[in-house]
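S.K.: Below is the file start-v4.csv, which contains CSV, C-alpha atoms.
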chain,number,residue,atom,x,y,z
A,247,MET,CA,79.6,130.3,156.1
A,248,MET,CA,80.9,127.1,157.8
A,249,ASN,CA,84.6,126.2,157.6
A,250,ARG,CA,85.2,122.6,156.6
A,251,PHE,CA,87.8,120.6,158.3
A,252,ASP,CA,90.6,119.9,155.9
A,253,PRO,CA,92.9,117.1,157.4
A,254,LEU,CA,95.7,117.9,155.0
A,255,ARG,CA,95.8,121.6,155.8
A,256,GLU,CA,95.6,120.8,159.5
A,257,MET,CA,98.5,118.3,159.2
A,258,ASP,CA,100.6,120.9,157.2
A,259,ARG,CA,99.8,123.5,160.0
A,260,LEU,CA,101.0,121.1,162.7
A,261,MET,CA,104.1,120.2,160.9
A,262,SER,CA,105.0,123.8,160.3
A,263,GLU,CA,104.6,124.5,164.1
A,264,LEU,CA,106.8,121.6,164.9
A,265,ARG,CA,109.5,122.9,162.5
A,266,THR,CA,109.5,126.4,163.9
A,267,ALA,CA,109.2,125.5,167.7
A,268,PRO,CA,112.1,123.2,168.6
A,269,THR,CA,111.5,120.9,171.5
A,270,THR,CA,113.9,119.8,174.1
A,271,ALA,CA,114.3,116.4,172.6
A,272,SER,CA,115.1,117.8,169.2
A,273,ALA,CA,117.6,120.2,170.8
A,274,MET,CA,119.2,117.3,172.6
A,275,PRO,CA,118.8,114.2,170.5
A,276,MET,CA,119.9,111.1,172.3
A,277,ASP,CA,120.8,107.5,171.6
A,278,LEU,CA,120.6,105.0,174.5
A,279,TYR,CA,121.8,101.5,174.5
A,280,ARG,CA,123.3,98.7,176.6
A,281,SER,CA,126.8,97.5,176.0
A,282,GLY,CA,127.9,94.6,178.2
A,283,ASP,CA,127.8,95.7,181.9
A,284,HIS,CA,127.0,99.4,181.0
A,285,PHE,CA,124.2,101.5,179.7
A,286,VAL,CA,125.4,104.3,177.4
A,287,ALA,CA,123.6,107.6,176.5
A,288,ARG,CA,125.1,109.7,173.7
A,289,VAL,CA,123.6,113.2,173.5
A,290,ASP,CA,124.2,115.5,170.6
A,291,LEU,CA,125.2,119.0,171.9
A,292,PRO,CA,127.0,120.7,169.1
A,293,GLY,CA,128.1,124.3,169.8
A,294,VAL,CA,127.5,124.0,173.5
A,295,ASP,CA,130.1,125.5,175.9
A,296,PRO,CA,131.5,122.5,177.8
A,297,GLY,CA,131.5,124.6,181.0
A,298,SER,CA,127.7,125.1,180.7
A,299,ILE,CA,127.0,121.3,180.9
A,300,ASP,CA,125.5,120.5,184.3
A,301,ILE,CA,124.5,116.9,185.3
A,302,ASP,CA,122.7,116.1,188.6
A,303,VAL,CA,121.3,112.9,190.0
A,304,GLU,CA,118.6,113.1,192.6
A,305,ASP,CA,116.3,110.3,193.7
A,306,ARG,CA,117.0,108.2,190.6
A,307,THR,CA,116.4,111.1,188.2
A,308,LEU,CA,119.3,112.3,186.1
A,309,THR,CA,118.9,115.9,185.0
A,310,LEU,CA,121.1,117.2,182.1
A,311,ARG,CA,121.3,120.9,181.4
A,312,ALA,CA,123.4,122.7,178.7
A,313,GLU,CA,123.5,126.1,177.1
A,314,ARG,CA,124.1,127.2,173.6
A,315,ARG,CA,124.5,131.0,173.5
A,316,GLU,CA,122.6,133.1,171.0
A,317,GLN,CA,124.9,134.6,168.3
A,318,THR,CA,124.6,138.3,168.8
A,319,ASP,CA,127.0,139.7,166.1
A,320,VAL,CA,124.7,138.9,163.2
A,321,GLU,CA,123.5,141.9,161.2
A,322,GLN,CA,120.6,140.1,159.4
A,323,TRP,CA,119.6,136.4,159.7
A,324,LEU,CA,118.8,134.7,156.4
A,325,SER,CA,118.0,131.4,158.1
A,326,HIS,CA,118.0,130.8,161.9
A,327,GLU,CA,117.2,127.1,162.6
A,328,ARG,CA,119.7,126.2,165.4
A,329,PRO,CA,118.1,126.6,168.7
A,330,ALA,CA,119.8,128.7,171.4
A,331,GLY,CA,119.3,129.0,175.1
A,332,THR,CA,119.3,126.6,178.0
A,333,PHE,CA,118.2,123.0,177.3
A,334,ALA,CA,117.3,120.4,179.9
A,335,ARG,CA,116.5,116.7,179.7
A,336,GLN,CA,115.7,114.2,182.4
A,337,LEU,CA,116.2,110.4,182.5
A,338,THR,CA,114.7,108.2,185.1
A,339,LEU,CA,117.3,105.6,186.2
A,340,GLY,CA,116.3,102.1,187.3
A,341,TYR,CA,117.5,100.4,190.4
A,342,GLY,CA,119.9,98.4,188.3
A,343,VAL,CA,122.3,101.3,187.8
A,344,ALA,CA,125.3,102.1,190.0
A,345,LEU,CA,124.6,105.8,190.6
A,346,ASP,CA,127.9,106.4,192.3
A,347,ARG,CA,129.9,105.3,189.2
A,348,ILE,CA,128.3,107.3,186.4
A,349,GLU,CA,130.8,108.9,184.1
A,350,ALA,CA,130.5,111.7,181.5
A,351,ASP,CA,132.7,112.7,178.6
A,352,TYR,CA,132.1,115.6,176.1
A,353,THR,CA,134.0,115.2,172.8
A,354,ASP,CA,133.4,116.7,169.4
A,355,GLY,CA,129.9,118.0,170.4
A,356,VAL,CA,128.7,114.7,171.8
A,357,LEU,CA,128.2,114.1,175.5
A,358,THR,CA,128.6,110.4,176.4
A,359,LEU,CA,127.2,109.2,179.7
A,360,THR,CA,128.1,105.8,180.9
A,361,PHE,CA,126.0,104.1,183.6
A,362,PRO,CA,127.5,100.9,185.0
A,363,VAL,CA,125.1,98.1,185.9
A,364,ALA,CA,125.0,97.7,189.7
A,365,GLU,CA,126.6,94.5,191.0
A,366,GLU,CA,123.3,93.3,192.5
A,367,ALA,CA,121.5,93.7,189.1
A,368,LYS,CA,124.1,91.7,187.1
A,369,PRO,CA,123.0,88.2,186.0
A,370,ARG,CA,124.8,85.5,187.9
A,371,LYS,CA,124.8,81.8,188.1
A,372,ILE,CA,123.6,80.2,191.3
A,373,ASN,CA,125.1,76.8,192.1
A,374,VAL,CA,122.7,74.1,193.2
A,375,THR,CA,124.0,71.6,195.7
A,376,HIS,CA,122.5,68.2,196.1
A,377,ARG,CA,122.4,66.4,199.3
A,378,GLY,CA,122.0,62.8,198.6
A,379,GLN,CA,119.8,60.8,200.9
A,380,GLN,CA,121.8,58.5,203.1
A,381,SER,CA,120.9,55.0,202.7
A,382,ILE,CA,121.0,52.9,205.8
A,383,GLU,CA,121.9,49.4,205.2
A,384,GLY,CA,120.8,46.8,207.6
A,385,GLU,CA,118.8,43.8,208.3
A,386,ARG,CA,115.2,43.9,207.2
A,387,VAL,CA,112.9,43.1,210.1
A,388,PRO,CA,110.0,40.8,209.2
A,389,GLU,CA,106.5,42.6,209.6
A,390,ASP,CA,105.2,40.2,212.2
A,391,ALA,CA,108.3,40.9,214.3
A,392,ALA,CA,107.9,44.6,214.0
A,393,ALA,CA,104.3,44.4,215.3
A,394,ARG,CA,105.4,42.9,218.6
Could you quickly redo this structure as C-alpha coordinates?
M.R.:
Amino acid sequence: MMNRFDPLREMDRLMSELRTAPTTASAMPMDLYRSGDHFVARVDLPGVDPGSIDIDVEDRTLTLRAERREQTDVEQWLSHERPAGTFARQLTLGYGVALDRIEADYTDGVLTLTFPVAEEAKPRKINVTHRGQQSIEGERVPEDAAAR
(Lines of atoms letter the chains of each structure in order from A and count residues from 1; the text may use other names and numbers.)
(Lines give C-alpha, C1' and ligand atoms only; values in the text may rest on other atoms or scores of the structure.)
Protein backbone atom coordinates (compact mmCIF):
# COMPACT_ATOMS: atom_id res chain seq x y z
CA MET A 1 0.00 0.00 0.00
CA MET A 2 1.37 3.38 -0.99
CA ASN A 3 1.26 6.31 1.46
CA ARG A 4 -0.14 9.47 -0.02
CA PHE A 5 1.49 12.79 0.71
CA ASP A 6 -0.80 14.89 2.86
CA PRO A 7 0.47 18.51 2.92
CA LEU A 8 -1.72 19.46 5.89
CA ARG A 9 -0.49 16.55 7.98
CA GLU A 10 3.12 17.34 7.01
CA MET A 11 2.66 21.02 7.95
CA ASP A 12 1.16 19.99 11.30
CA ARG A 13 4.13 17.66 11.93
CA LEU A 14 6.66 20.41 11.12
CA MET A 15 4.87 22.96 13.32
CA SER A 16 4.79 20.45 16.18
CA GLU A 17 8.56 19.92 15.83
CA LEU A 18 9.17 23.65 15.86
CA ARG A 19 7.10 24.07 19.02
CA THR A 20 8.94 21.31 20.89
CA ALA A 21 12.49 22.13 19.75
CA PRO A 22 13.33 25.73 20.65
CA THR A 23 15.86 27.41 18.42
CA THR A 24 18.49 29.88 19.47
CA ALA A 25 16.56 32.75 17.91
CA SER A 26 13.38 31.87 19.80
CA ALA A 27 15.39 31.49 23.04
CA MET A 28 16.95 34.93 22.46
CA PRO A 29 14.44 37.06 20.51
CA MET A 30 15.95 40.37 19.43
CA ASP A 31 14.85 43.74 18.13
CA LEU A 32 17.46 45.71 16.18
CA TYR A 33 17.03 49.32 15.11
CA ARG A 34 18.86 52.57 14.46
CA SER A 35 18.32 55.59 16.66
CA GLY A 36 20.24 58.70 15.60
CA ASP A 37 23.97 57.95 15.74
CA HIS A 38 23.53 54.52 17.34
CA PHE A 39 22.35 51.03 16.47
CA VAL A 40 20.46 49.35 19.30
CA ALA A 41 19.85 45.63 19.88
CA ARG A 42 17.40 44.61 22.59
CA VAL A 43 17.57 40.91 23.45
CA ASP A 44 15.01 39.21 25.69
CA LEU A 45 16.80 37.08 28.30
CA PRO A 46 14.28 36.54 31.14
CA GLY A 47 15.48 34.36 33.97
CA VAL A 48 19.12 34.54 32.92
CA ASP A 49 21.75 35.02 35.60
CA PRO A 50 23.42 38.36 34.71
CA GLY A 51 26.79 36.84 35.66
CA SER A 52 26.41 34.25 32.88
CA ILE A 53 26.11 36.84 30.10
CA ASP A 54 29.26 36.85 27.98
CA ILE A 55 29.79 39.19 25.03
CA ASP A 56 32.83 38.98 22.72
CA VAL A 57 33.75 40.87 19.57
CA GLU A 58 36.27 39.33 17.22
CA ASP A 59 36.85 40.23 13.58
CA ARG A 60 33.58 42.19 13.32
CA THR A 61 31.53 39.30 14.77
CA LEU A 62 29.77 39.87 18.08
CA THR A 63 29.00 36.67 19.98
CA LEU A 64 26.49 36.74 22.82
CA ARG A 65 26.20 33.83 25.25
CA ALA A 66 23.91 33.48 28.25
CA GLU A 67 22.74 30.66 30.47
CA ARG A 68 19.37 29.89 32.01
CA ARG A 69 19.76 27.10 34.53
CA GLU A 70 17.41 24.13 34.57
CA GLN A 71 15.10 24.13 37.57
CA THR A 72 15.96 20.94 39.47
CA ASP A 73 13.66 21.15 42.49
CA VAL A 74 10.50 20.21 40.57
CA GLU A 75 8.84 16.93 41.49
CA GLN A 76 6.70 16.60 38.35
CA TRP A 77 6.48 18.93 35.35
CA LEU A 78 2.98 19.61 34.08
CA SER A 79 4.25 21.90 31.34
CA HIS A 80 7.88 22.68 30.55
CA GLU A 81 8.14 25.20 27.68
CA ARG A 82 10.86 27.61 28.82
CA PRO A 83 14.18 26.50 27.39
CA ALA A 84 17.14 26.05 29.72
CA GLY A 85 20.84 25.74 29.04
CA THR A 86 23.41 27.91 27.31
CA PHE A 87 22.25 30.02 24.40
CA ALA A 88 24.41 31.79 21.85
CA ARG A 89 23.76 34.26 19.09
CA GLN A 90 26.11 36.00 16.65
CA LEU A 91 25.80 39.32 14.88
CA THR A 92 28.02 40.41 12.03
CA LEU A 93 28.91 44.06 12.55
CA GLY A 94 29.48 46.37 9.60
CA TYR A 95 32.42 48.68 9.16
CA GLY A 96 30.29 51.63 10.21
CA VAL A 97 30.23 50.57 13.89
CA ALA A 98 32.68 51.89 16.50
CA LEU A 99 33.71 48.54 18.00
CA ASP A 100 35.65 50.14 20.87
CA ARG A 101 32.56 51.99 22.17
CA ILE A 102 29.91 49.23 22.34
CA GLU A 103 27.90 49.35 25.58
CA ALA A 104 25.74 46.67 27.25
CA ASP A 105 23.07 46.96 29.94
CA TYR A 106 20.91 44.19 31.44
CA THR A 107 17.70 45.42 33.10
CA ASP A 108 14.44 43.59 33.83
CA GLY A 109 15.42 40.56 31.74
CA VAL A 110 16.35 42.61 28.65
CA LEU A 111 19.93 43.01 27.43
CA THR A 112 20.40 46.29 25.57
CA LEU A 113 23.45 46.59 23.33
CA THR A 114 24.29 50.04 21.97
CA PHE A 115 26.57 50.29 18.94
CA PRO A 116 27.73 53.84 18.15
CA VAL A 117 28.11 54.71 14.49
CA ALA A 118 31.80 55.25 13.70
CA GLU A 119 32.78 58.84 12.97
CA GLU A 120 33.95 57.95 9.46
CA ALA A 121 30.55 56.37 8.70
CA LYS A 122 28.47 59.34 9.79
CA PRO A 123 26.95 61.42 7.02
CA ARG A 124 28.58 64.79 6.67
CA LYS A 125 28.37 67.83 4.46
CA ILE A 126 31.26 68.60 2.19
CA ASN A 127 31.65 72.26 1.35
CA VAL A 128 32.32 73.09 -2.25
CA THR A 129 34.61 76.01 -2.94
CA HIS A 130 34.45 77.85 -6.19
CA ARG A 131 37.47 79.47 -7.66
CA GLY A 132 36.26 82.08 -10.05
CA GLN A 133 38.21 82.59 -13.24
CA GLN A 134 40.22 85.75 -13.13
CA SER A 135 39.32 88.06 -15.90
CA ILE A 136 42.18 89.95 -17.39
CA GLU A 137 41.17 93.28 -18.67
CA GLY A 138 43.26 94.87 -21.29
CA GLU A 139 43.40 96.14 -24.81
CA ARG A 140 42.14 93.88 -27.49
CA VAL A 141 44.80 93.30 -30.10
CA PRO A 142 43.55 93.35 -33.71
CA GLU A 143 43.88 89.93 -35.47
CA ASP A 144 46.16 91.24 -38.22
CA ALA A 145 48.50 92.71 -35.58
CA ALA A 146 48.66 89.41 -33.70
CA ALA A 147 49.69 87.57 -36.86
CA ARG A 148 52.82 89.65 -37.25
S.K.: For CA of Val356 in chain A and CA of Glu304 in chain A, quote the distance in Å rounded to one decimal.
M.R.: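 Atom-to-atom, CA of Val356 in chain A to CA of Glu304 in chain A, that is 23.2 Å.
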S.K.: So which one's closest to Glu365 in chain A, A:Arg377, A:Arg311, A:His284, A:His326? Using all atoms listed in the file, please.
M.R.: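 Closest residue, counting all atoms listed in the file: A:His284.
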S.K.: What does the structure give for the distance between CA of Thr338 in chain A and CA of Glu316 in chain A, in Å to one decimal?
M.R.: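 According to the coordinates, CA of Thr338 in chain A and CA of Glu316 in chain A are separated by 29.7 Å.
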S.K.: Between CA of Leu339 in chain A and CA of Thr360 in chain A, what is the distance, to one decimal in Å?
M.R.: 12.0 Å
S.K.: Which is closest to Ile301 in chain A among A:Val343, A:Phe333, A:Thr353, A:Asn373, if we use only C-alpha atoms?
M.R.: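 Once distances to Ile301 in chain A are computed over only C-alpha atoms, the minimum belongs to A:Phe333.
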S.K.: For Gln317 in chain A, which of A:Gly293, A:Lys371, A:Glu366, A:Ala334 is the closest residue, counting only C-alpha atoms?
M.R.: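 Answer, going by the shortest atom-to-atom distance: A:Gly293.
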S.K.: Find the residues around Gly340 in chain A up to 12 Å (all atoms listed in the file counted), leave out those fewer than 4 positions away in its own chain, and share them as a PyMOL selection string.
M.R.: chain A and resi 285+305-308+344-345+361-364+367
S.K.: With only C-alpha atoms as the basis for distance, which of A:Met276, A:Leu324, A:Ala312, A:Ala287 is at the shortest distance from Thr358 in chain A?
M.R.: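 For Thr358 in chain A, the nearest of the given residues is A:Ala287.
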S.K.: Between A:Arg314, A:Leu337, A:Asp346, A:Asp351, which residue has the minimum interatomic distance to Leu278 in chain A, considering all atoms listed in the file?
M.R.: A:Leu337
